[in-house]
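Here is the file upload_2.pdb (PDB, N, CA and C atoms).
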```
MODEL        1
ATOM      1  N   MET A 423      51.266 119.076 178.812  1.00  0.00           N
ATOM      2  CA  MET A 423      52.123 117.921 178.893  1.00  0.00           C
ATOM      3  C   MET A 423      52.260 117.277 177.513  1.00  0.00           C
ATOM      4  N   SER A 424      53.397 116.681 177.276  1.00  0.00           N
ATOM      5  CA  SER A 424      53.611 116.020 175.991  1.00  0.00           C
ATOM      6  C   SER A 424      53.141 114.576 176.073  1.00  0.00           C
ATOM      7  N   LYS A 425      52.520 114.135 175.000  1.00  0.00           N
ATOM      8  CA  LYS A 425      52.007 112.771 174.944  1.00  0.00           C
ATOM      9  C   LYS A 425      53.078 111.865 174.356  1.00  0.00           C
ATOM     10  N   ASP A 426      53.294 110.683 174.968  1.00  0.00           N
ATOM     11  CA  ASP A 426      54.279 109.730 174.472  1.00  0.00           C
ATOM     12  C   ASP A 426      53.781 109.071 173.196  1.00  0.00           C
ATOM     13  N   LEU A 427      54.730 108.663 172.352  1.00  0.00           N
ATOM     14  CA  LEU A 427      54.376 107.931 171.141  1.00  0.00           C
ATOM     15  C   LEU A 427      53.930 106.523 171.514  1.00  0.00           C
ATOM     16  N   SER A 428      52.938 106.021 170.785  1.00  0.00           N
ATOM     17  CA  SER A 428      52.479 104.664 171.067  1.00  0.00           C
ATOM     18  C   SER A 428      53.503 103.657 170.558  1.00  0.00           C
ATOM     19  N   LYS A 429      53.456 102.452 171.085  1.00  0.00           N
ATOM     20  CA  LYS A 429      54.374 101.398 170.658  1.00  0.00           C
ATOM     21  C   LYS A 429      54.179 101.079 169.185  1.00  0.00           C
ATOM     22  N   GLN A 430      52.941 101.156 168.714  1.00  0.00           N
ATOM     23  CA  GLN A 430      52.648 100.876 167.311  1.00  0.00           C
ATOM     24  C   GLN A 430      53.335 101.902 166.409  1.00  0.00           C
ATOM     25  N   THR A 431      53.335 103.162 166.785  1.00  0.00           N
ATOM     26  CA  THR A 431      53.985 104.205 165.999  1.00  0.00           C
ATOM     27  C   THR A 431      55.488 103.972 165.942  1.00  0.00           C
ATOM     28  N   VAL A 432      56.083 103.585 167.052  1.00  0.00           N
ATOM     29  CA  VAL A 432      57.520 103.318 167.106  1.00  0.00           C
ATOM     30  C   VAL A 432      57.870 102.139 166.200  1.00  0.00           C
ATOM     31  N   VAL A 433      57.056 101.106 166.216  1.00  0.00           N
ATOM     32  CA  VAL A 433      57.298  99.925 165.374  1.00  0.00           C
ATOM     33  C   VAL A 433      57.183 100.296 163.902  1.00  0.00           C
ATOM     34  N   VAL A 434      56.180 101.063 163.535  1.00  0.00           N
ATOM     35  CA  VAL A 434      56.001 101.479 162.144  1.00  0.00           C
ATOM     36  C   VAL A 434      57.189 102.323 161.693  1.00  0.00           C
ATOM     37  N   LEU A 435      57.640 103.243 162.508  1.00  0.00           N
ATOM     38  CA  LEU A 435      58.795 104.072 162.153  1.00  0.00           C
ATOM     39  C   LEU A 435      60.069 103.231 162.018  1.00  0.00           C
ATOM     40  N   ALA A 436      60.244 102.247 162.887  1.00  0.00           N
ATOM     41  CA  ALA A 436      61.423 101.377 162.812  1.00  0.00           C
ATOM     42  C   ALA A 436      61.397 100.546 161.536  1.00  0.00           C
ATOM     43  N   VAL A 437      60.229 100.006 161.180  1.00  0.00           N
ATOM     44  CA  VAL A 437      60.111  99.208 159.953  1.00  0.00           C
ATOM     45  C   VAL A 437      60.368 100.087 158.728  1.00  0.00           C
ATOM     46  N   LEU A 438      59.813 101.287 158.708  1.00  0.00           N
ATOM     47  CA  LEU A 438      60.060 102.203 157.583  1.00  0.00           C
ATOM     48  C   LEU A 438      61.542 102.551 157.467  1.00  0.00           C
ATOM     49  N   THR A 439      62.196 102.764 158.586  1.00  0.00           N
ATOM     50  CA  THR A 439      63.627 103.070 158.571  1.00  0.00           C
ATOM     51  C   THR A 439      64.426 101.912 157.986  1.00  0.00           C
ATOM     52  N   ILE A 440      64.106 100.699 158.378  1.00  0.00           N
ATOM     53  CA  ILE A 440      64.816  99.525 157.857  1.00  0.00           C
ATOM     54  C   ILE A 440      64.565  99.357 156.372  1.00  0.00           C
ATOM     55  N   LEU A 441      63.326  99.533 155.922  1.00  0.00           N
ATOM     56  CA  LEU A 441      63.003  99.401 154.499  1.00  0.00           C
ATOM     57  C   LEU A 441      63.729 100.451 153.653  1.00  0.00           C
ATOM     58  N   ILE A 442      63.744 101.682 154.118  1.00  0.00           N
ATOM     59  CA  ILE A 442      64.440 102.749 153.382  1.00  0.00           C
ATOM     60  C   ILE A 442      65.938 102.476 153.342  1.00  0.00           C
ATOM     61  N   SER A 443      66.492 101.984 154.432  1.00  0.00           N
ATOM     62  CA  SER A 443      67.914 101.654 154.475  1.00  0.00           C
ATOM     63  C   SER A 443      68.252 100.536 153.497  1.00  0.00           C
ATOM     64  N   LEU A 444      67.430  99.493 153.464  1.00  0.00           N
ATOM     65  CA  LEU A 444      67.663  98.388 152.532  1.00  0.00           C
ATOM     66  C   LEU A 444      67.533  98.847 151.083  1.00  0.00           C
ATOM     67  N   LEU A 445      66.557  99.674 150.792  1.00  0.00           N
ATOM     68  CA  LEU A 445      66.380 100.194 149.436  1.00  0.00           C
ATOM     69  C   LEU A 445      67.581 101.037 149.016  1.00  0.00           C
ATOM     70  N   GLY A 446      68.073 101.871 149.915  1.00  0.00           N
ATOM     71  CA  GLY A 446      69.252 102.681 149.607  1.00  0.00           C
ATOM     72  C   GLY A 446      70.484 101.830 149.376  1.00  0.00           C
ATOM     73  N   THR A 447      70.683 100.808 150.197  1.00  0.00           N
ATOM     74  CA  THR A 447      71.821  99.913 150.038  1.00  0.00           C
ATOM     75  C   THR A 447      71.746  99.174 148.705  1.00  0.00           C
ATOM     76  N   PHE A 448      70.566  98.662 148.362  1.00  0.00           N
ATOM     77  CA  PHE A 448      70.389  97.961 147.094  1.00  0.00           C
ATOM     78  C   PHE A 448      70.685  98.881 145.912  1.00  0.00           C
ATOM     79  N   THR A 449      70.210 100.122 145.984  1.00  0.00           N
ATOM     80  CA  THR A 449      70.434 101.077 144.893  1.00  0.00           C
ATOM     81  C   THR A 449      71.917 101.370 144.717  1.00  0.00           C
ATOM     82  N   VAL A 450      72.625 101.599 145.800  1.00  0.00           N
ATOM     83  CA  VAL A 450      74.061 101.891 145.719  1.00  0.00           C
ATOM     84  C   VAL A 450      74.824 100.696 145.167  1.00  0.00           C
ATOM     85  N   LEU A 451      74.526  99.503 145.651  1.00  0.00           N
ATOM     86  CA  LEU A 451      75.222  98.308 145.157  1.00  0.00           C
ATOM     87  C   LEU A 451      74.942  98.070 143.675  1.00  0.00           C
ATOM     88  N   ARG A 452      73.727  98.322 143.224  1.00  0.00           N
ATOM     89  CA  ARG A 452      73.394  98.158 141.814  1.00  0.00           C
ATOM     90  C   ARG A 452      74.157  99.159 140.948  1.00  0.00           C
ATOM     91  N   GLU A 453      74.242 100.405 141.383  1.00  0.00           N
ATOM     92  CA  GLU A 453      74.951 101.428 140.615  1.00  0.00           C
ATOM     93  C   GLU A 453      76.456 101.160 140.586  1.00  0.00           C
ATOM     94  N   VAL A 454      77.030 100.756 141.692  1.00  0.00           N
ATOM     95  CA  VAL A 454      78.465 100.460 141.737  1.00  0.00           C
ATOM     96  C   VAL A 454      78.778  99.254 140.870  1.00  0.00           C
ATOM     97  N   GLY A 455      77.891  98.271 140.853  1.00  0.00           N
ATOM     98  CA  GLY A 455      78.091  97.087 140.034  1.00  0.00           C
ATOM     99  C   GLY A 455      78.059  97.378 138.549  1.00  0.00           C
ATOM    100  N   SER A 456      77.398  98.458 138.146  1.00  0.00           N
ATOM    101  CA  SER A 456      77.304  98.783 136.727  1.00  0.00           C
ATOM    102  C   SER A 456      78.472  99.644 136.241  1.00  0.00           C
ATOM    103  N   LEU A 457      79.345 100.079 137.141  1.00  0.00           N
ATOM    104  CA  LEU A 457      80.489 100.898 136.738  1.00  0.00           C
ATOM    105  C   LEU A 457      81.555 100.036 136.084  1.00  0.00           C
ATOM    106  N   ASP A 458      82.247 100.612 135.126  1.00  0.00           N
ATOM    107  CA  ASP A 458      83.334  99.919 134.445  1.00  0.00           C
ATOM    108  C   ASP A 458      84.643 100.477 135.011  1.00  0.00           C
ATOM    109  N   LEU A 459      85.151  99.839 136.058  1.00  0.00           N
ATOM    110  CA  LEU A 459      86.349 100.321 136.737  1.00  0.00           C
ATOM    111  C   LEU A 459      87.522  99.412 136.413  1.00  0.00           C
ATOM    112  N   ARG A 460      88.631 100.022 136.068  1.00  0.00           N
ATOM    113  CA  ARG A 460      89.857  99.268 135.805  1.00  0.00           C
ATOM    114  C   ARG A 460      91.011  99.970 136.501  1.00  0.00           C
ATOM    115  N   ALA A 461      91.850  99.198 137.140  1.00  0.00           N
ATOM    116  CA  ALA A 461      93.007  99.767 137.822  1.00  0.00           C
ATOM    117  C   ALA A 461      94.257  99.036 137.357  1.00  0.00           C
ATOM    118  N   GLU A 462      95.318  99.796 137.198  1.00  0.00           N
ATOM    119  CA  GLU A 462      96.592  99.209 136.818  1.00  0.00           C
ATOM    120  C   GLU A 462      97.576  99.486 137.942  1.00  0.00           C
ATOM    121  N   ILE A 463      98.157  98.441 138.488  1.00  0.00           N
ATOM    122  CA  ILE A 463      99.078  98.580 139.605  1.00  0.00           C
ATOM    123  C   ILE A 463     100.500  98.430 139.087  1.00  0.00           C
ATOM    124  N   ARG A 464     101.330  99.402 139.441  1.00  0.00           N
ATOM    125  CA  ARG A 464     102.731  99.371 139.023  1.00  0.00           C
ATOM    126  C   ARG A 464     103.619  99.410 140.259  1.00  0.00           C
ATOM    127  N   ASP A 465     104.784  98.787 140.145  1.00  0.00           N
ATOM    128  CA  ASP A 465     105.720  98.799 141.262  1.00  0.00           C
ATOM    129  C   ASP A 465     106.535 100.083 141.320  1.00  0.00           C
ATOM    130  N   GLU A 466     106.733 100.729 140.190  1.00  0.00           N
ATOM    131  CA  GLU A 466     107.555 101.935 140.156  1.00  0.00           C
ATOM    132  C   GLU A 466     106.671 103.179 140.190  1.00  0.00           C
ATOM    133  N   PRO A 467     107.175 104.255 140.779  1.00  0.00           N
ATOM    134  CA  PRO A 467     106.409 105.508 140.792  1.00  0.00           C
ATOM    135  C   PRO A 467     106.306 106.077 139.385  1.00  0.00           C
ATOM    136  N   SER A 468     105.251 106.808 139.157  1.00  0.00           N
ATOM    137  CA  SER A 468     105.011 107.372 137.832  1.00  0.00           C
ATOM    138  C   SER A 468     104.902 108.887 137.925  1.00  0.00           C
ATOM    139  N   GLN A 469     105.437 109.572 136.940  1.00  0.00           N
ATOM    140  CA  GLN A 469     105.356 111.022 136.900  1.00  0.00           C
ATOM    141  C   GLN A 469     104.187 111.498 136.050  1.00  0.00           C
ATOM    142  N   ALA A 470     103.558 110.601 135.335  1.00  0.00           N
ATOM    143  CA  ALA A 470     102.450 110.977 134.464  1.00  0.00           C
ATOM    144  C   ALA A 470     101.331 109.959 134.615  1.00  0.00           C
ATOM    145  N   GLY A 471     100.173 110.341 134.210  1.00  0.00           N
ATOM    146  CA  GLY A 471      99.039 109.435 134.297  1.00  0.00           C
ATOM    147  C   GLY A 471      98.055 109.704 133.182  1.00  0.00           C
ATOM    148  N   GLU A 472      97.095 108.830 133.080  1.00  0.00           N
ATOM    149  CA  GLU A 472      96.076 108.956 132.046  1.00  0.00           C
ATOM    150  C   GLU A 472      94.729 108.654 132.680  1.00  0.00           C
ATOM    151  N   LEU A 473      93.746 109.442 132.328  1.00  0.00           N
ATOM    152  CA  LEU A 473      92.405 109.258 132.850  1.00  0.00           C
ATOM    153  C   LEU A 473      91.443 109.191 131.681  1.00  0.00           C
ATOM    154  N   ARG A 474      90.629 108.145 131.641  1.00  0.00           N
ATOM    155  CA  ARG A 474      89.616 108.006 130.600  1.00  0.00           C
ATOM    156  C   ARG A 474      88.261 107.866 131.271  1.00  0.00           C
ATOM    157  N   ILE A 475      87.310 108.607 130.757  1.00  0.00           N
ATOM    158  CA  ILE A 475      85.950 108.533 131.265  1.00  0.00           C
ATOM    159  C   ILE A 475      85.047 108.179 130.100  1.00  0.00           C
ATOM    160  N   GLY A 476      84.351 107.084 130.225  1.00  0.00           N
ATOM    161  CA  GLY A 476      83.431 106.662 129.177  1.00  0.00           C
ATOM    162  C   GLY A 476      81.997 106.803 129.643  1.00  0.00           C
ATOM    163  N   VAL A 477      81.141 107.230 128.744  1.00  0.00           N
ATOM    164  CA  VAL A 477      79.727 107.375 129.045  1.00  0.00           C
ATOM    165  C   VAL A 477      78.981 106.304 128.274  1.00  0.00           C
ATOM    166  N   ARG A 478      78.226 105.506 128.990  1.00  0.00           N
ATOM    167  CA  ARG A 478      77.458 104.444 128.355  1.00  0.00           C
ATOM    168  C   ARG A 478      76.113 104.980 127.882  1.00  0.00           C
ATOM    169  N   GLY A 479      75.641 104.408 126.802  1.00  0.00           N
ATOM    170  CA  GLY A 479      74.313 104.760 126.311  1.00  0.00           C
ATOM    171  C   GLY A 479      74.324 106.033 125.477  1.00  0.00           C
ATOM    172  N   GLU A 480      73.156 106.416 125.055  1.00  0.00           N
ATOM    173  CA  GLU A 480      73.006 107.617 124.246  1.00  0.00           C
ATOM    174  C   GLU A 480      73.102 108.861 125.127  1.00  0.00           C
ATOM    175  N   PRO A 481      73.744 109.914 124.618  1.00  0.00           N
ATOM    176  CA  PRO A 481      73.787 111.171 125.374  1.00  0.00           C
ATOM    177  C   PRO A 481      72.373 111.726 125.550  1.00  0.00           C
ATOM    178  N   GLN A 482      72.118 112.274 126.697  1.00  0.00           N
ATOM    179  CA  GLN A 482      70.808 112.845 126.975  1.00  0.00           C
ATOM    180  C   GLN A 482      70.972 114.289 127.401  1.00  0.00           C
ATOM    181  N   THR A 483      70.051 115.111 126.968  1.00  0.00           N
ATOM    182  CA  THR A 483      70.085 116.513 127.372  1.00  0.00           C
ATOM    183  C   THR A 483      69.300 116.671 128.661  1.00  0.00           C
ATOM    184  N   SER A 484      69.690 117.654 129.434  1.00  0.00           N
ATOM    185  CA  SER A 484      69.040 117.899 130.704  1.00  0.00           C
ATOM    186  C   SER A 484      68.936 119.402 130.916  1.00  0.00           C
ATOM    187  N   SER A 485      67.925 119.803 131.619  1.00  0.00           N
ATOM    188  CA  SER A 485      67.753 121.224 131.890  1.00  0.00           C
ATOM    189  C   SER A 485      68.477 121.656 133.158  1.00  0.00           C
ATOM    190  N   SER A 486      69.148 120.724 133.819  1.00  0.00           N
ATOM    191  CA  SER A 486      69.863 121.067 135.046  1.00  0.00           C
ATOM    192  C   SER A 486      71.230 121.657 134.692  1.00  0.00           C
ATOM    193  N   ALA A 487      71.830 122.328 135.633  1.00  0.00           N
ATOM    194  CA  ALA A 487      73.136 122.950 135.434  1.00  0.00           C
ATOM    195  C   ALA A 487      74.075 122.481 136.531  1.00  0.00           C
ATOM    196  N   GLY A 488      75.358 122.552 136.240  1.00  0.00           N
ATOM    197  CA  GLY A 488      76.344 122.148 137.236  1.00  0.00           C
ATOM    198  C   GLY A 488      77.666 122.827 136.985  1.00  0.00           C
ATOM    199  N   HIS A 489      78.597 122.602 137.873  1.00  0.00           N
ATOM    200  CA  HIS A 489      79.920 123.201 137.772  1.00  0.00           C
ATOM    201  C   HIS A 489      80.958 122.140 138.119  1.00  0.00           C
ATOM    202  N   VAL A 490      81.954 122.015 137.268  1.00  0.00           N
ATOM    203  CA  VAL A 490      83.029 121.064 137.515  1.00  0.00           C
ATOM    204  C   VAL A 490      84.342 121.819 137.428  1.00  0.00           C
ATOM    205  N   SER A 491      85.219 121.575 138.376  1.00  0.00           N
ATOM    206  CA  SER A 491      86.538 122.202 138.317  1.00  0.00           C
ATOM    207  C   SER A 491      87.599 121.135 138.567  1.00  0.00           C
ATOM    208  N   LEU A 492      88.741 121.332 137.949  1.00  0.00           N
ATOM    209  CA  LEU A 492      89.853 120.406 138.083  1.00  0.00           C
ATOM    210  C   LEU A 492      91.115 121.215 138.295  1.00  0.00           C
ATOM    211  N   GLU A 493      91.821 120.902 139.354  1.00  0.00           N
ATOM    212  CA  GLU A 493      93.072 121.599 139.651  1.00  0.00           C
ATOM    213  C   GLU A 493      94.202 120.578 139.581  1.00  0.00           C
ATOM    214  N   VAL A 494      95.210 120.886 138.778  1.00  0.00           N
ATOM    215  CA  VAL A 494      96.354 119.999 138.631  1.00  0.00           C
ATOM    216  C   VAL A 494      97.562 120.716 139.203  1.00  0.00           C
ATOM    217  N   GLU A 495      98.239 120.056 140.125  1.00  0.00           N
ATOM    218  CA  GLU A 495      99.404 120.654 140.759  1.00  0.00           C
ATOM    219  C   GLU A 495     100.636 119.826 140.451  1.00  0.00           C
ATOM    220  N   GLU A 496     101.758 120.507 140.307  1.00  0.00           N
ATOM    221  CA  GLU A 496     103.018 119.806 140.108  1.00  0.00           C
ATOM    222  C   GLU A 496     103.551 119.419 141.473  1.00  0.00           C
ATOM    223  N   VAL A 497     103.960 118.176 141.590  1.00  0.00           N
ATOM    224  CA  VAL A 497     104.467 117.662 142.857  1.00  0.00           C
ATOM    225  C   VAL A 497     105.939 117.325 142.676  1.00  0.00           C
ATOM    226  N   ASN A 498     106.778 117.793 143.583  1.00  0.00           N
ATOM    227  CA  ASN A 498     108.204 117.497 143.542  1.00  0.00           C
ATOM    228  C   ASN A 498     108.459 116.340 144.498  1.00  0.00           C
ATOM    229  N   ASN A 499     108.701 115.148 143.937  1.00  0.00           N
ATOM    230  CA  ASN A 499     108.884 113.954 144.769  1.00  0.00           C
ATOM    231  C   ASN A 499     110.321 113.455 144.783  1.00  0.00           C
ATOM    232  N   ASN A 500     111.286 114.267 144.393  1.00  0.00           N
ATOM    233  CA  ASN A 500     112.653 113.739 144.326  1.00  0.00           C
ATOM    234  C   ASN A 500     113.332 113.673 145.694  1.00  0.00           C
ATOM    235  N   ASN A 501     112.767 114.306 146.704  1.00  0.00           N
ATOM    236  CA  ASN A 501     113.265 114.244 148.094  1.00  0.00           C
ATOM    237  C   ASN A 501     114.765 114.537 148.195  1.00  0.00           C
ATOM    238  N   GLY A 502     115.252 115.405 147.314  1.00  0.00           N
ATOM    239  CA  GLY A 502     116.654 115.805 147.382  1.00  0.00           C
ATOM    240  C   GLY A 502     117.612 114.795 146.825  1.00  0.00           C
ATOM    241  N   LEU A 503     117.143 113.768 146.131  1.00  0.00           N
ATOM    242  CA  LEU A 503     118.032 112.723 145.609  1.00  0.00           C
ATOM    243  C   LEU A 503     118.755 113.154 144.337  1.00  0.00           C
ATOM    244  N   ASP A 504     118.252 114.152 143.620  1.00  0.00           N
ATOM    245  CA  ASP A 504     118.857 114.565 142.355  1.00  0.00           C
ATOM    246  C   ASP A 504     119.822 115.726 142.527  1.00  0.00           C
ATOM    247  N   GLN A 505     120.260 115.988 143.699  1.00  0.00           N
ATOM    248  CA  GLN A 505     121.130 117.144 143.918  1.00  0.00           C
ATOM    249  C   GLN A 505     122.577 116.804 143.685  1.00  0.00           C
TER     250      GLN A 505
ENDMDL
END
```

Starting from the file, lay out its structure as structure tokens.
Amino acid sequence: MSKDLSKQTVVVLAVLTILISLLGTFTVLREVGSLDLRAEIRDEPSQAGELRIGVRGEPQTSSSAGHVSLEVEEVNNNNGLDQ
């Protein structure tokens, strides 16, 4: 037969879950707050754009590896108006 968990074990697990959740929320909010985000809103559609990425602090080397890919597609948005 399986033994039920004691009430004390359930309470400890619930408290640990809440603490880990709060720590994760605090970490995410702190990291998002440190980002330098700027947005420019225009009323007219644009055919071109510009993206700038700035790195704060001194560059650091790391022994980890990663892969980044970027795919740019041409979009035809004239909806037949230029015919």

On this file, the PyMOL selection byres (((chain A and resi 471-485 and name CA) around 10) and name CA) gives some set of residues; write that set as a ChimeraX atom specification.
/A:457-459,468-470,486-487

Within chain A, find each residue whose DSSP state, derived from the backbone, is helix (DSSP H, G or I), and express the selection as an mmCIF file with N, CA and C atoms, in the coordinates of the input.
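That gives us selection.cif:
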```
data_model
loop_
_atom_site.group_PDB
_atom_site.id
_atom_site.type_symbol
_atom_site.label_atom_id
_atom_site.label_comp_id
_atom_site.auth_asym_id
_atom_site.auth_seq_id
_atom_site.Cartn_x
_atom_site.Cartn_y
_atom_site.Cartn_z
ATOM 1 N N LYS A 429 53.456 102.452 171.085
ATOM 2 C CA LYS A 429 54.374 101.398 170.658
ATOM 3 C C LYS A 429 54.179 101.079 169.185
ATOM 4 N N GLN A 430 52.941 101.156 168.714
ATOM 5 C CA GLN A 430 52.648 100.876 167.311
ATOM 6 C C GLN A 430 53.335 101.902 166.409
ATOM 7 N N THR A 431 53.335 103.162 166.785
ATOM 8 C CA THR A 431 53.985 104.205 165.999
ATOM 9 C C THR A 431 55.488 103.972 165.942
ATOM 10 N N VAL A 432 56.083 103.585 167.052
ATOM 11 C CA VAL A 432 57.520 103.318 167.106
ATOM 12 C C VAL A 432 57.870 102.139 166.200
ATOM 13 N N VAL A 433 57.056 101.106 166.216
ATOM 14 C CA VAL A 433 57.298 99.925 165.374
ATOM 15 C C VAL A 433 57.183 100.296 163.902
ATOM 16 N N VAL A 434 56.180 101.063 163.535
ATOM 17 C CA VAL A 434 56.001 101.479 162.144
ATOM 18 C C VAL A 434 57.189 102.323 161.693
ATOM 19 N N LEU A 435 57.640 103.243 162.508
ATOM 20 C CA LEU A 435 58.795 104.072 162.153
ATOM 21 C C LEU A 435 60.069 103.231 162.018
ATOM 22 N N ALA A 436 60.244 102.247 162.887
ATOM 23 C CA ALA A 436 61.423 101.377 162.812
ATOM 24 C C ALA A 436 61.397 100.546 161.536
ATOM 25 N N VAL A 437 60.229 100.006 161.180
ATOM 26 C CA VAL A 437 60.111 99.208 159.953
ATOM 27 C C VAL A 437 60.368 100.087 158.728
ATOM 28 N N LEU A 438 59.813 101.287 158.708
ATOM 29 C CA LEU A 438 60.060 102.203 157.583
ATOM 30 C C LEU A 438 61.542 102.551 157.467
ATOM 31 N N THR A 439 62.196 102.764 158.586
ATOM 32 C CA THR A 439 63.627 103.070 158.571
ATOM 33 C C THR A 439 64.426 101.912 157.986
ATOM 34 N N ILE A 440 64.106 100.699 158.378
ATOM 35 C CA ILE A 440 64.816 99.525 157.857
ATOM 36 C C ILE A 440 64.565 99.357 156.372
ATOM 37 N N LEU A 441 63.326 99.533 155.922
ATOM 38 C CA LEU A 441 63.003 99.401 154.499
ATOM 39 C C LEU A 441 63.729 100.451 153.653
ATOM 40 N N ILE A 442 63.744 101.682 154.118
ATOM 41 C CA ILE A 442 64.440 102.749 153.382
ATOM 42 C C ILE A 442 65.938 102.476 153.342
ATOM 43 N N SER A 443 66.492 101.984 154.432
ATOM 44 C CA SER A 443 67.914 101.654 154.475
ATOM 45 C C SER A 443 68.252 100.536 153.497
ATOM 46 N N LEU A 444 67.430 99.493 153.464
ATOM 47 C CA LEU A 444 67.663 98.388 152.532
ATOM 48 C C LEU A 444 67.533 98.847 151.083
ATOM 49 N N LEU A 445 66.557 99.674 150.792
ATOM 50 C CA LEU A 445 66.380 100.194 149.436
ATOM 51 C C LEU A 445 67.581 101.037 149.016
ATOM 52 N N GLY A 446 68.073 101.871 149.915
ATOM 53 C CA GLY A 446 69.252 102.681 149.607
ATOM 54 C C GLY A 446 70.484 101.830 149.376
ATOM 55 N N THR A 447 70.683 100.808 150.197
ATOM 56 C CA THR A 447 71.821 99.913 150.038
ATOM 57 C C THR A 447 71.746 99.174 148.705
ATOM 58 N N PHE A 448 70.566 98.662 148.362
ATOM 59 C CA PHE A 448 70.389 97.961 147.094
ATOM 60 C C PHE A 448 70.685 98.881 145.912
ATOM 61 N N THR A 449 70.210 100.122 145.984
ATOM 62 C CA THR A 449 70.434 101.077 144.893
ATOM 63 C C THR A 449 71.917 101.370 144.717
ATOM 64 N N VAL A 450 72.625 101.599 145.800
ATOM 65 C CA VAL A 450 74.061 101.891 145.719
ATOM 66 C C VAL A 450 74.824 100.696 145.167
ATOM 67 N N LEU A 451 74.526 99.503 145.651
ATOM 68 C CA LEU A 451 75.222 98.308 145.157
ATOM 69 C C LEU A 451 74.942 98.070 143.675
ATOM 70 N N ARG A 452 73.727 98.322 143.224
ATOM 71 C CA ARG A 452 73.394 98.158 141.814
ATOM 72 C C ARG A 452 74.157 99.159 140.948
ATOM 73 N N GLU A 453 74.242 100.405 141.383
ATOM 74 C CA GLU A 453 74.951 101.428 140.615
ATOM 75 C C GLU A 453 76.456 101.160 140.586
ATOM 76 N N VAL A 454 77.030 100.756 141.692
ATOM 77 C CA VAL A 454 78.465 100.460 141.737
ATOM 78 C C VAL A 454 78.778 99.254 140.870
ATOM 79 N N GLY A 455 77.891 98.271 140.853
ATOM 80 C CA GLY A 455 78.091 97.087 140.034
ATOM 81 C C GLY A 455 78.059 97.378 138.549
#
```

Could you state the separation of CA of Leu445 (chain A) and CA of Val433 (chain A) in Å, given to one decimal place?
18.3 Å
